[in-house]
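K.L.:
Coordinates in my_file17.txt, compact mmCIF, C-alpha atoms and all ligand atoms, are listed below.
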# COMPACT_ATOMS: atom_id res chain seq x y z
CA MET A 1 -85.23 16.21 -23.15
CA LEU A 2 -85.00 14.27 -19.90
CA TYR A 3 -83.21 10.96 -19.61
CA CYS A 4 -83.94 8.13 -17.22
CA ALA A 5 -82.49 4.60 -17.13
CA GLY A 6 -81.20 5.08 -20.65
CA THR A 7 -84.68 5.77 -21.98
CA VAL A 8 -85.91 8.94 -23.61
CA PHE A 9 -88.85 10.72 -22.02
CA ARG A 10 -91.06 12.21 -24.70
CA PRO A 11 -93.37 15.04 -23.77
CA HIS A 12 -96.46 13.19 -25.05
CA MET A 13 -95.61 9.94 -23.25
CA ARG A 14 -98.36 8.37 -21.11
CA MET A 15 -97.17 8.30 -17.56
CA ARG A 16 -98.43 7.15 -14.21
CA ALA A 17 -97.90 9.68 -11.44
CA GLU A 18 -96.30 7.12 -9.10
CA PHE A 19 -94.01 4.18 -9.79
CA LEU A 20 -95.86 0.84 -9.75
CA PRO A 21 -93.44 -1.88 -8.62
CA PHE A 22 -93.89 -5.36 -10.07
CA CYS A 23 -94.42 -6.61 -6.53
CA ARG A 24 -94.96 -5.23 -3.03
CA PRO A 25 -95.70 -7.24 0.14
CA SER A 26 -98.98 -6.45 1.88
CA ILE A 27 -98.14 -5.60 5.49
CA GLY A 28 -100.91 -4.28 7.73
CA GLU A 29 -101.35 -3.30 11.36
CA ALA A 30 -101.99 -6.94 12.35
CA GLU A 31 -98.53 -7.96 11.08
CA ILE A 32 -96.90 -5.02 12.86
CA ALA A 33 -98.72 -5.86 16.10
CA ALA A 34 -97.74 -9.55 15.84
CA VAL A 35 -94.06 -8.75 15.36
CA THR A 36 -94.13 -6.14 18.12
CA GLY A 37 -95.70 -8.74 20.42
CA VAL A 38 -92.79 -11.11 19.82
CA LEU A 39 -90.26 -8.31 20.40
CA ARG A 40 -91.94 -7.57 23.75
CA SER A 41 -92.18 -11.22 24.75
CA GLY A 42 -88.49 -11.73 25.37
CA TRP A 43 -88.33 -14.84 23.11
CA LEU A 44 -87.07 -13.94 19.64
CA THR A 45 -85.67 -17.05 18.02
CA THR A 46 -87.32 -20.43 17.25
CA GLY A 47 -90.02 -21.02 19.84
CA PRO A 48 -93.80 -21.11 20.29
CA LYS A 49 -94.61 -18.92 17.25
CA THR A 50 -92.51 -21.08 14.95
CA ALA A 51 -94.20 -24.24 16.26
CA ALA A 52 -97.64 -22.63 15.79
CA PHE A 53 -96.76 -21.47 12.27
CA GLU A 54 -95.62 -24.98 11.36
CA ARG A 55 -98.91 -26.45 12.63
CA ARG A 56 -101.13 -23.88 10.89
CA PHE A 57 -99.15 -24.16 7.66
CA ALA A 58 -99.43 -27.97 7.62
CA GLU A 59 -103.20 -27.66 8.19
CA ARG A 60 -103.50 -25.09 5.41
CA VAL A 61 -101.86 -27.28 2.76
CA ASN A 62 -103.15 -30.52 4.27
CA ALA A 63 -99.63 -31.82 4.99
CA SER A 64 -98.82 -34.27 7.77
CA GLY A 65 -96.11 -31.95 9.11
CA ALA A 66 -93.94 -28.95 8.31
CA THR A 67 -90.43 -27.72 9.15
CA ALA A 68 -89.81 -23.96 9.18
CA VAL A 69 -86.44 -22.74 7.92
CA GLY A 70 -84.61 -19.49 7.17
CA SER A 71 -85.35 -19.48 3.42
CA GLY A 72 -86.54 -21.68 0.58
CA THR A 73 -82.92 -22.01 -0.53
CA ALA A 74 -81.88 -23.24 2.91
CA GLY A 75 -84.78 -25.71 2.79
CA MET A 76 -83.48 -27.13 -0.48
CA GLN A 77 -79.95 -27.30 0.91
CA LEU A 78 -81.18 -29.31 3.92
CA MET A 79 -83.13 -31.60 1.59
CA LEU A 80 -80.04 -32.44 -0.47
CA ARG A 81 -78.18 -33.31 2.74
CA ALA A 82 -81.11 -35.27 4.18
CA LEU A 83 -81.33 -37.28 0.93
CA ASP A 84 -77.54 -37.83 0.98
CA ILE A 85 -77.03 -36.17 -2.39
CA GLY A 86 -73.38 -35.43 -3.05
CA PRO A 87 -70.53 -36.19 -5.46
CA GLY A 88 -71.50 -38.61 -8.23
CA ALA A 89 -75.22 -37.83 -7.98
CA GLU A 90 -77.25 -36.15 -10.71
CA VAL A 91 -80.25 -33.95 -9.96
CA ILE A 92 -82.78 -33.19 -12.69
CA THR A 93 -84.31 -29.70 -12.61
CA PRO A 94 -85.29 -26.98 -15.10
CA SER A 95 -82.87 -24.22 -16.06
CA LEU A 96 -85.78 -21.78 -16.18
CA THR A 97 -85.88 -21.32 -12.41
CA TRP A 98 -84.38 -19.22 -9.68
CA VAL A 99 -80.62 -19.84 -9.35
CA SER A 100 -80.92 -21.17 -5.82
CA THR A 101 -81.64 -24.84 -6.58
CA PRO A 102 -78.90 -25.33 -9.22
CA ASN A 103 -76.47 -23.46 -6.95
CA VAL A 104 -77.09 -25.69 -3.91
CA ILE A 105 -76.85 -28.79 -6.11
CA VAL A 106 -73.39 -27.61 -7.21
CA LEU A 107 -72.45 -26.70 -3.63
CA ALA A 108 -73.40 -30.22 -2.52
CA GLY A 109 -70.89 -31.59 -5.05
CA ALA A 110 -73.63 -33.07 -7.25
CA LYS A 111 -74.40 -32.35 -10.89
CA PRO A 112 -77.43 -30.35 -12.03
CA VAL A 113 -78.99 -31.89 -15.13
CA PHE A 114 -81.20 -29.29 -16.77
CA VAL A 115 -84.30 -30.28 -18.69
CA ASP A 116 -86.25 -28.15 -21.13
CA VAL A 117 -89.71 -26.87 -20.25
CA ASP A 118 -92.96 -26.78 -22.19
CA ARG A 119 -92.71 -23.78 -24.50
CA ASP A 120 -96.05 -22.37 -23.48
CA THR A 121 -96.54 -23.26 -19.77
CA LEU A 122 -92.84 -23.18 -18.76
CA LEU A 123 -93.43 -26.34 -16.73
CA VAL A 124 -91.15 -29.38 -16.78
CA THR A 125 -92.70 -32.36 -18.54
CA PRO A 126 -92.58 -36.04 -17.50
CA GLN A 127 -91.23 -36.83 -21.00
CA ALA A 128 -88.24 -34.48 -20.65
CA ILE A 129 -87.51 -35.82 -17.18
CA GLU A 130 -87.66 -39.44 -18.38
CA ALA A 131 -85.22 -38.68 -21.21
CA ALA A 132 -82.73 -37.15 -18.75
CA ILE A 133 -82.63 -40.06 -16.29
CA THR A 134 -79.34 -41.98 -15.99
CA PRO A 135 -78.15 -44.59 -13.47
CA ARG A 136 -76.71 -41.68 -11.43
CA THR A 137 -79.99 -39.75 -11.14
CA LYS A 138 -80.92 -39.46 -7.48
CA LEU A 139 -83.46 -36.64 -7.38
CA VAL A 140 -85.91 -34.67 -9.52
CA VAL A 141 -86.87 -31.09 -8.55
CA PRO A 142 -89.89 -29.95 -10.57
CA VAL A 143 -90.84 -26.27 -10.30
CA HIS A 144 -94.48 -25.19 -10.08
CA PHE A 145 -93.87 -22.22 -12.35
CA ALA A 146 -95.59 -18.89 -11.59
CA GLY A 147 -98.20 -20.72 -9.48
CA ALA A 148 -99.29 -23.39 -11.98
CA PRO A 149 -98.60 -26.99 -10.94
CA ALA A 150 -96.26 -29.37 -12.75
CA ASP A 151 -97.86 -32.68 -13.79
CA MET A 152 -97.05 -34.50 -10.55
CA GLY A 153 -99.01 -37.72 -11.22
CA PRO A 154 -96.81 -39.04 -14.05
CA ILE A 155 -93.67 -37.46 -12.51
CA ARG A 156 -94.26 -39.35 -9.23
CA SER A 157 -95.00 -42.65 -11.02
CA LEU A 158 -91.87 -42.33 -13.13
CA ALA A 159 -89.70 -41.52 -10.10
CA ALA A 160 -91.18 -44.37 -8.04
CA GLU A 161 -90.55 -46.82 -10.89
CA LYS A 162 -86.89 -45.73 -11.14
CA GLY A 163 -86.28 -45.34 -7.40
CA ILE A 164 -85.60 -41.61 -7.64
CA ALA A 165 -86.60 -39.03 -5.00
CA VAL A 166 -88.85 -36.06 -5.88
CA VAL A 167 -88.78 -32.68 -4.12
CA GLU A 168 -91.17 -30.06 -5.46
CA ASP A 169 -89.96 -26.48 -5.68
CA ALA A 170 -93.17 -24.91 -4.37
CA ALA A 171 -91.80 -21.36 -3.97
CA HIS A 172 -94.53 -20.12 -6.35
CA ALA A 173 -97.22 -22.53 -5.31
CA LEU A 174 -98.74 -21.61 -1.97
CA GLY A 175 -102.44 -22.15 -2.58
CA THR A 176 -101.91 -24.07 -5.85
CA MET A 177 -104.03 -27.19 -6.35
CA TYR A 178 -102.88 -30.04 -8.59
CA ARG A 179 -106.05 -31.92 -9.50
CA ASP A 180 -107.79 -32.20 -6.10
CA GLU A 181 -104.68 -31.97 -3.92
CA PRO A 182 -103.05 -28.82 -2.52
CA VAL A 183 -99.33 -28.57 -3.39
CA GLY A 184 -97.54 -29.67 -0.22
CA SER A 185 -100.13 -32.27 0.78
CA ARG A 186 -98.31 -35.22 -0.82
CA GLY A 187 -94.68 -36.08 -1.25
CA THR A 188 -92.13 -33.42 -0.30
CA ALA A 189 -92.32 -29.72 -1.17
CA VAL A 190 -90.27 -26.63 -0.31
CA PHE A 191 -92.00 -23.23 0.01
CA SER A 192 -90.49 -19.74 0.23
CA PHE A 193 -91.61 -16.65 2.14
CA HIS A 194 -89.28 -14.14 0.49
CA PRO A 195 -91.08 -10.74 0.25
CA ILE A 196 -92.12 -11.26 -3.37
CA LYS A 197 -93.82 -14.63 -2.68
CA ASN A 198 -97.57 -15.10 -2.03
CA ILE A 199 -97.02 -14.66 1.72
CA THR A 200 -93.90 -13.35 3.44
CA THR A 201 -92.00 -13.68 6.70
CA GLY A 202 -89.27 -11.22 5.57
CA GLU A 203 -87.11 -14.21 4.72
CA GLY A 204 -88.22 -17.75 5.40
CA GLY A 205 -89.20 -21.12 4.03
CA MET A 206 -91.17 -24.25 4.88
CA ILE A 207 -90.61 -27.89 4.03
CA CYS A 208 -93.63 -30.20 3.98
CA THR A 209 -93.12 -33.93 3.76
CA ARG A 210 -95.21 -37.05 4.30
CA ASP A 211 -92.05 -38.91 5.35
CA ALA A 212 -91.82 -38.66 9.15
CA ALA A 213 -88.23 -39.96 9.30
CA LEU A 214 -87.14 -37.40 6.73
CA ARG A 215 -88.92 -34.68 8.69
CA ALA A 216 -87.10 -35.65 11.87
CA ARG A 217 -83.77 -35.45 10.06
CA LEU A 218 -84.60 -32.05 8.54
CA HIS A 219 -85.63 -30.80 11.95
CA ARG A 220 -82.25 -31.78 13.34
CA LEU A 221 -80.25 -30.57 10.30
CA ARG A 222 -81.74 -27.08 10.52
CA PHE A 223 -80.19 -26.56 13.95
CA HIS A 224 -76.59 -27.82 14.10
CA GLY A 225 -77.62 -31.48 13.83
CA LEU A 226 -78.54 -31.54 17.49
CA ALA A 227 -80.83 -34.31 18.69
CA ALA A 228 -84.36 -33.06 19.14
CA ASP A 229 -85.98 -34.30 22.28
CA ALA A 230 -89.29 -34.07 24.07
CA HIS A 231 -87.97 -31.16 26.08
CA GLU A 232 -87.89 -28.96 23.06
CA ARG A 233 -91.53 -27.92 22.86
CA ASP A 234 -91.89 -27.55 26.62
CA THR A 235 -88.81 -25.50 27.32
CA GLN A 236 -89.05 -23.41 24.11
CA GLY A 237 -85.49 -24.32 23.52
CA ARG A 238 -83.27 -27.34 23.31
CA ALA A 239 -81.94 -29.12 26.34
CA PRO A 240 -78.39 -27.87 26.89
CA GLN A 241 -77.38 -31.53 27.04
CA ALA A 242 -78.51 -32.21 23.44
CA GLU A 243 -75.74 -33.74 21.35
CA VAL A 244 -74.69 -33.47 17.72
CA MET A 245 -76.00 -36.48 15.82
CA GLU A 246 -74.47 -35.29 12.55
CA PRO A 247 -73.03 -31.92 11.45
CA GLY A 248 -75.99 -29.65 10.72
CA TYR A 249 -76.67 -26.19 9.40
CA LYS A 250 -77.95 -23.07 11.12
CA CYS A 251 -81.11 -22.14 9.27
CA ASN A 252 -83.94 -22.22 11.79
CA MET A 253 -86.77 -19.68 11.54
CA THR A 254 -87.06 -16.93 14.15
CA ASP A 255 -90.29 -16.34 16.09
CA ILE A 256 -90.25 -12.77 14.73
CA ALA A 257 -90.59 -14.19 11.22
CA ALA A 258 -93.09 -16.88 12.27
CA ALA A 259 -95.39 -14.32 13.93
CA LEU A 260 -95.47 -12.40 10.65
CA GLY A 261 -96.14 -15.65 8.78
CA LEU A 262 -99.07 -16.60 11.03
CA VAL A 263 -100.88 -13.35 10.19
CA GLN A 264 -100.02 -13.59 6.49
CA LEU A 265 -101.28 -17.18 6.32
CA GLU A 266 -104.70 -16.03 7.57
CA ARG A 267 -104.78 -13.56 4.68
CA LEU A 268 -103.59 -16.02 2.01
CA LYS A 269 -107.04 -16.80 0.65
CA ALA A 270 -107.88 -13.11 0.17
CA PHE A 271 -104.41 -12.43 -1.30
CA ASN A 272 -104.76 -15.21 -3.86
CA ARG A 273 -108.32 -14.18 -4.73
CA GLN A 274 -107.10 -10.68 -5.59
CA ARG A 275 -104.16 -12.10 -7.57
CA ALA A 276 -106.58 -14.26 -9.58
CA ARG A 277 -108.86 -11.29 -10.18
CA LEU A 278 -105.97 -9.16 -11.48
CA ALA A 279 -104.69 -12.02 -13.65
CA ALA A 280 -108.14 -12.51 -15.21
CA HIS A 281 -108.26 -8.79 -15.90
CA TYR A 282 -104.82 -8.81 -17.55
CA LEU A 283 -105.78 -11.82 -19.68
CA GLU A 284 -108.88 -10.04 -20.92
CA ARG A 285 -107.15 -6.72 -21.62
CA LEU A 286 -104.08 -8.24 -23.26
CA ALA A 287 -106.09 -10.56 -25.52
CA GLY A 288 -106.00 -8.10 -28.44
CA ILE A 289 -102.29 -7.28 -28.21
CA ASP A 290 -100.43 -9.68 -30.53
CA GLU A 291 -96.93 -8.64 -29.46
CA VAL A 292 -97.45 -9.78 -25.87
CA ARG A 293 -98.26 -13.42 -25.12
CA PRO A 294 -99.26 -14.61 -21.62
CA LEU A 295 -98.33 -18.14 -20.55
CA GLY A 296 -100.54 -21.09 -21.46
CA ARG A 297 -102.38 -23.08 -18.77
CA PRO A 298 -101.72 -26.78 -18.20
CA PRO A 299 -104.48 -29.07 -19.55
CA TYR A 300 -105.13 -31.02 -16.31
CA PRO A 301 -107.41 -29.75 -13.52
CA HIS A 302 -105.69 -27.26 -11.25
CA GLU A 303 -106.04 -24.07 -9.27
CA HIS A 304 -103.46 -21.40 -10.09
CA ALA A 305 -101.84 -19.40 -7.25
CA TRP A 306 -100.96 -16.54 -9.65
CA HIS A 307 -97.61 -15.91 -8.03
CA LEU A 308 -96.47 -14.17 -11.23
CA PHE A 309 -98.11 -12.85 -14.36
CA VAL A 310 -95.57 -13.66 -17.06
CA VAL A 311 -95.79 -12.55 -20.68
CA ARG A 312 -93.48 -13.19 -23.62
CA LEU A 313 -92.69 -10.29 -25.93
CA ASP A 314 -92.84 -11.13 -29.62
CA VAL A 315 -89.58 -9.31 -30.35
CA ASP A 316 -89.98 -9.56 -34.15
CA LYS A 317 -93.47 -8.08 -34.19
CA ALA A 318 -92.63 -5.49 -31.53
CA GLY A 319 -89.35 -4.48 -33.16
CA ILE A 320 -87.67 -4.07 -29.74
CA SER A 321 -85.87 -6.39 -27.36
CA ARG A 322 -87.35 -7.54 -24.06
CA ASP A 323 -84.75 -5.48 -22.15
CA HIS A 324 -85.69 -2.38 -24.10
CA PHE A 325 -89.38 -3.12 -23.49
CA MET A 326 -88.77 -3.34 -19.72
CA ALA A 327 -86.81 -0.06 -19.78
CA GLU A 328 -89.61 1.66 -21.70
CA LEU A 329 -92.16 0.43 -19.14
CA LYS A 330 -89.95 1.72 -16.36
CA ALA A 331 -89.76 5.12 -18.06
CA ARG A 332 -93.56 5.12 -17.81
CA ASN A 333 -93.38 4.35 -14.07
CA ILE A 334 -94.27 0.66 -14.50
CA GLY A 335 -92.00 -1.91 -12.87
CA SER A 336 -91.52 -5.42 -14.24
CA GLY A 337 -89.55 -8.52 -13.33
CA LEU A 338 -87.53 -11.17 -15.12
CA HIS A 339 -88.45 -14.70 -14.04
CA PHE A 340 -86.14 -16.16 -15.07
CA LYS A 341 -82.89 -15.73 -16.94
CA ALA A 342 -81.99 -19.33 -17.85
CA VAL A 343 -79.50 -20.67 -15.30
CA HIS A 344 -77.52 -22.77 -17.80
CA LEU A 345 -76.53 -19.60 -19.72
CA GLN A 346 -75.15 -17.81 -16.66
CA ARG A 347 -71.41 -17.30 -16.36
CA TYR A 348 -70.48 -20.04 -13.90
CA TYR A 349 -72.57 -22.64 -15.70
CA THR A 350 -71.11 -21.92 -19.15
CA GLU A 351 -67.51 -21.48 -17.98
CA HIS A 352 -67.27 -24.29 -15.45
CA LEU A 353 -69.95 -26.80 -16.37
CA GLY A 354 -69.63 -26.53 -20.15
CA MET A 355 -73.21 -25.50 -20.77
CA GLN A 356 -74.14 -23.53 -23.85
CA ARG A 357 -76.87 -21.96 -25.92
CA GLY A 358 -78.72 -24.52 -28.01
CA MET A 359 -79.06 -27.12 -25.26
CA LEU A 360 -82.58 -26.13 -24.20
CA PRO A 361 -84.44 -24.40 -27.05
CA HIS A 362 -87.79 -23.66 -25.32
CA THR A 363 -86.05 -22.42 -22.17
CA GLU A 364 -83.78 -20.13 -24.21
CA TRP A 365 -86.59 -18.83 -26.42
CA ASN A 366 -88.58 -17.87 -23.33
CA SER A 367 -85.61 -16.61 -21.33
CA ASP A 368 -84.97 -14.03 -24.07
CA ARG A 369 -88.58 -12.86 -24.23
CA LEU A 370 -90.28 -13.17 -20.87
CA CYS A 371 -91.16 -10.46 -18.43
CA SER A 372 -93.36 -10.39 -15.29
CA LEU A 373 -95.98 -7.65 -15.13
CA PRO A 374 -96.93 -6.05 -11.78
CA LEU A 375 -99.07 -8.40 -9.68
CA PHE A 376 -99.59 -8.12 -5.93
CA PRO A 377 -102.62 -8.13 -3.63
CA ASP A 378 -102.69 -4.39 -2.88
CA MET A 379 -102.81 -3.59 -6.59
CA THR A 380 -106.13 -2.56 -8.19
CA VAL A 381 -107.66 -3.34 -11.58
CA GLU A 382 -107.13 0.35 -12.39
CA ASP A 383 -103.40 -0.19 -11.83
CA ALA A 384 -103.57 -3.17 -14.20
CA ASP A 385 -105.32 -0.97 -16.77
CA GLU A 386 -102.46 1.52 -16.50
CA VAL A 387 -99.97 -1.29 -17.11
CA VAL A 388 -101.86 -2.31 -20.25
CA ALA A 389 -102.07 1.33 -21.41
CA ALA A 390 -98.30 1.69 -20.92
CA ILE A 391 -97.68 -1.51 -22.89
CA LYS A 392 -99.80 -0.20 -25.78
CA ASP A 393 -97.97 3.10 -25.65
CA VAL A 394 -94.55 1.42 -25.73
CA LEU A 395 -95.57 -0.75 -28.68
CA ALA A 396 -97.11 2.19 -30.57
CA SER A 397 -94.00 4.32 -30.21
CA SER A 398 -91.40 1.67 -31.05
C1 LIG B 1 -87.89 -17.65 -4.48
C2 LIG B 1 -87.54 -18.93 -5.10
C3 LIG B 1 -86.71 -19.87 -4.46
C4 LIG B 1 -85.90 -19.57 -3.23
O1 LIG B 1 -86.57 -19.09 -2.14
P1 LIG B 1 -85.79 -18.16 -1.07
O2 LIG B 1 -86.75 -18.16 0.10
O3 LIG B 1 -85.63 -16.81 -1.68
O4 LIG B 1 -84.51 -18.79 -0.74
C5 LIG B 1 -86.54 -21.11 -5.06
N1 LIG B 1 -87.12 -21.40 -6.22
C6 LIG B 1 -87.91 -20.53 -6.89
C7 LIG B 1 -88.53 -20.96 -8.17
C8 LIG B 1 -88.14 -19.26 -6.36
O5 LIG B 1 -88.88 -18.40 -7.04
Written as structure tokens, that's how I'd like the structure from this file.

P.N.:
Amino acid sequence: MLYCAGTVFRPHMRMRAEFLPFCRPSIGEAEIAAVTGVLRSGWLTTGPKTAAFERRFAERVNASGATAVGSGTAGMQLMLRALDIGPGAEVITPSLTWVSTPNVIVLAGAKPVFVDVDRDTLLVTPQAIEAAITPRTKLVVPVHFAGAPADMGPIRSLAAEKGIAVVEDAAHALGTMYRDEPVGSRGTAVFSFHPIKNITTGEGGMICTRDAALRARLHRLRFHGLAADAHERDTQGRAPQAEVMEPGYKCNMTDIAAALGLVQLERLKAFNRQRARLAAHYLERLAGIDEVRPLGRPPYPHEHAWHLFVVRLDVDKAGISRDHFMAELKARNIGSGLHFKAVHLQRYYTEHLGMQRGMLPHTEWNSDRLCSLPLFPDMTVEDADEVVAAIKDVLASS
């Protein structure tokens, strides 16, 4: 017998010839040419490509402006600073998210207040947010999970009534529509261009906000807190005389990244169309498999960006744990992801912030059972069929 990742290979096991990762960025000759062009141009850091990417991105999501940064995490870190969130402040956010937002809240000296999500959509609800508000609440960070939008209408009304800021974590939501508005077109939203996201710049992020004063401050905070002046666009740099207005960070986007982003943005529509096609195919093929439950869709009108295709394993029916299920898929050359392991149950949060199991039942139930199936634009429906066949094979042999 052969062993791999702790899983037994059986001679009769169904097996793809090549490993199918759960995600792979789609990089073509146009991206390679765009990056090469920047490398040949002599201007590598923030310059004309970054400015063009910001303009095109704002147009694409119908935002009044955009600020390009080094990552989504850096974007959130700038936001906390720009909103003056520090010691004594509470920030409401889900625990079923990437660790970046809770981490930067802690790093800012503020307190993350985790709210439970809807058991079936994994989205934060206005009711849970309302119940978590205290006089110290300064900010709410809803997450548009897997590409489905949170219910922003009631969340915005609630926040406006209580005088609390809202910043949308839009890392999964490039191309998502909430009712008739693209995510990013209203309020303030932070996007990510990490290689697993719907478009990539290698690493990168974008902040869209309607608030021009906030945008000016973010612009300055991303580059040492130096005053931006009219020179900037013209000279492709900052006047050497520019002065520090407040201590800032160093998380500007490079033109190498922006050139990649410009090409990827042109392909976004086609990328998301293929994601939607694959998701529809999965939904149809998985419909008869009781052990594996896809996420529910929110009841209000929306367009899904299908950043992830998440399923929950019915561990009782299947008779195996989620981790075992993922290992068995891997043994059949099928990759999968875990989005996400609840943040409040991770070591730092239990040991230093006193969080524990039992606080957020829906989050915990899902965190123990969820798994992201392969979904990326260069995948085919035949690949998706092989994923489904592997799932059936795992369930039949366990
Ligand atoms: C990817 C991601 C981020 C962080 O983006 P980076 O660009 O990797 O820093 C934040 N929130 C969520 C939900 C994400 O998936």

K.L.:
Please write out the residues within 9 Å of ligand LIG 1 (chain B) as JSON, numbers by chain, counting all atoms listed in the file.

P.N.:
{"A": [70, 71, 72, 73, 74, 75, 76, 96, 97, 98, 99, 100, 101, 143, 144, 145, 146, 169, 170, 171, 172, 190, 191, 192, 193, 194, 195, 196, 197, 203, 204, 205, 206, 339, 340]}

K.L.:
If I take CA of Gly261 in chain A and CA of Thr46 in chain A, how far is one from the other in Å, to one decimal?

P.N.:
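Separation of CA of Gly261 in chain A and CA of Thr46 in chain A: 13.1 Å.
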
K.L.:
CA of Met79 in chain A and CA of Thr121 in chain A, how far apart in Å?

P.N.:
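Computed distance, CA of Thr121 in chain A to CA of Met79 in chain A, equals 26.6 Å.
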
K.L.:
Please report the interatomic distance between CA of Val387 in chain A and CA of Arg285 in chain A in Å with one decimal.

P.N.:
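Between CA of Val387 in chain A and CA of Arg285 in chain A the gap is 10.1 Å.
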
K.L.:
For Val183 in chain A, which residue among A:Ala327, A:Ala165, A:Cys208, A:Val292 is the nearest when counting only C-alpha atoms?

P.N.:
A:Cys208

K.L.:
Out of A:Asp255, A:Asp393, A:Glu351, A:Glu382, which residue has the shortest atom-to-atom distance to Thr45 in chain A when counting all atoms listed in the file?

P.N.:
A:Asp255

K.L.:
Taking all atoms listed in the file into account, which of A:Arg273, A:Lys111, A:Arg56, A:Arg217 comes nearest Ala259 in chain A?

P.N.:
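The answer is A:Arg56, which sits nearest to Ala259 in chain A.
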
K.L.:
Name the closest residue to Ile289 in chain A among the candidates A:Leu313, A:Ala82, A:Met359, A:Ala258; distances are taken between atoms, counting all atoms listed in the file.

P.N.:
A:Leu313

K.L.:
Hey, which of A:Gly225, A:Asp118, A:Arg16, A:Asn198 ends up closest to Glu266 in chain A? Count only C-alpha atoms.

P.N.:
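Nearest to Glu266 in chain A: A:Asn198.
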
K.L.:
Determine, counting all atoms listed in the file, which protein, DNA and RNA residues have an atom within 12 Å of an atom of Leu262 in chain A; residues of the same chain fewer than 5 positions away are not included. Present the result as a list in words.

P.N.:
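Final neighbour list, sorted by chain and number: Ala30, Glu31, Ile32, Ala33, Ala34, Val35, Pro48, Lys49, Thr50, Ala51, Ala52, Phe53, Glu54, Arg55, Arg56, Phe57, Ala58, Arg60, Ala68, Phe193, Ile199, Thr200, Thr201, Asp255, Ile256, Ala257, Arg267 and Leu268 of chain A.
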
K.L.:
Point out the residue among A:Thr363, A:Thr176, A:Thr188, A:Ser336 with the least atom-to-atom distance to Cys23 in chain A, counting all atoms listed in the file.

P.N.:
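Selected residue with least distance to Cys23 in chain A: A:Ser336.
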
K.L.:
What are the nearest atom pairs, with distances in Å to one decimal, for all residues of range 164-273 of chain A that come at most 12 Å from range 295-300 of chain A, using only C-alpha atoms, set out by chain and rising residue number as CSV?

P.N.:
residue,atom,partner,partner_atom,distance
A:Met177,CA,A:Tyr300,CA,10.7
A:Tyr178,CA,A:Tyr300,CA,8.1
A:Arg179,CA,A:Tyr300,CA,6.9
A:Asp180,CA,A:Tyr300,CA,10.6

K.L.:
Might you pull out every residue within 10 Å of Lys392 in chain A, with only C-alpha atoms counted and same-chain residues fewer than 4 positions away left off, and present them as a ChimeraX atom specification?

P.N.:
/A:14,286,289,291-292,386-388,396-397

K.L.:
Can you take the partial range 242-253 of chain A, add N, CA and C atoms, and return it as an mmCIF file, keeping the file's coordinate frame?

P.N.:
data_model
loop_
_atom_site.group_PDB
_atom_site.id
_atom_site.type_symbol
_atom_site.label_atom_id
_atom_site.label_comp_id
_atom_site.auth_asym_id
_atom_site.auth_seq_id
_atom_site.Cartn_x
_atom_site.Cartn_y
_atom_site.Cartn_z
ATOM 1 N N ALA A 242 -78.319 -31.595 24.758
ATOM 2 C CA ALA A 242 -78.510 -32.210 23.440
ATOM 3 C C ALA A 242 -77.181 -32.350 22.706
ATOM 4 N N GLU A 243 -77.012 -33.468 22.012
ATOM 5 C CA GLU A 243 -75.740 -33.740 21.350
ATOM 6 C C GLU A 243 -75.852 -33.715 19.829
ATOM 7 N N VAL A 244 -74.749 -33.451 19.185
ATOM 8 C CA VAL A 244 -74.690 -33.470 17.720
ATOM 9 C C VAL A 244 -74.812 -34.908 17.236
ATOM 10 N N MET A 245 -75.816 -35.157 16.396
ATOM 11 C CA MET A 245 -76.000 -36.480 15.820
ATOM 12 C C MET A 245 -75.298 -36.579 14.468
ATOM 13 N N GLU A 246 -75.199 -35.429 13.814
ATOM 14 C CA GLU A 246 -74.470 -35.290 12.550
ATOM 15 C C GLU A 246 -74.256 -33.793 12.383
ATOM 16 N N PRO A 247 -73.234 -33.362 11.624
ATOM 17 C CA PRO A 247 -73.030 -31.920 11.450
ATOM 18 C C PRO A 247 -74.255 -31.331 10.756
ATOM 19 N N GLY A 248 -74.803 -30.273 11.316
ATOM 20 C CA GLY A 248 -75.990 -29.650 10.720
ATOM 21 C C GLY A 248 -75.732 -28.225 10.333
ATOM 22 N N TYR A 249 -76.764 -27.582 9.836
ATOM 23 C CA TYR A 249 -76.670 -26.190 9.400
ATOM 24 C C TYR A 249 -77.268 -25.281 10.481
ATOM 25 N N LYS A 250 -77.305 -24.006 10.210
ATOM 26 C CA LYS A 250 -77.950 -23.070 11.120
ATOM 27 C C LYS A 250 -78.938 -22.278 10.277
ATOM 28 N N CYS A 251 -80.136 -22.832 10.121
ATOM 29 C CA CYS A 251 -81.110 -22.140 9.270
ATOM 30 C C CYS A 251 -82.520 -22.300 9.812
ATOM 31 N N ASN A 252 -82.634 -22.190 11.149
ATOM 32 C CA ASN A 252 -83.940 -22.220 11.790
ATOM 33 C C ASN A 252 -84.659 -20.892 11.557
ATOM 34 N N MET A 253 -85.980 -20.918 11.693
ATOM 35 C CA MET A 253 -86.770 -19.680 11.540
ATOM 36 C C MET A 253 -86.877 -18.986 12.891
#
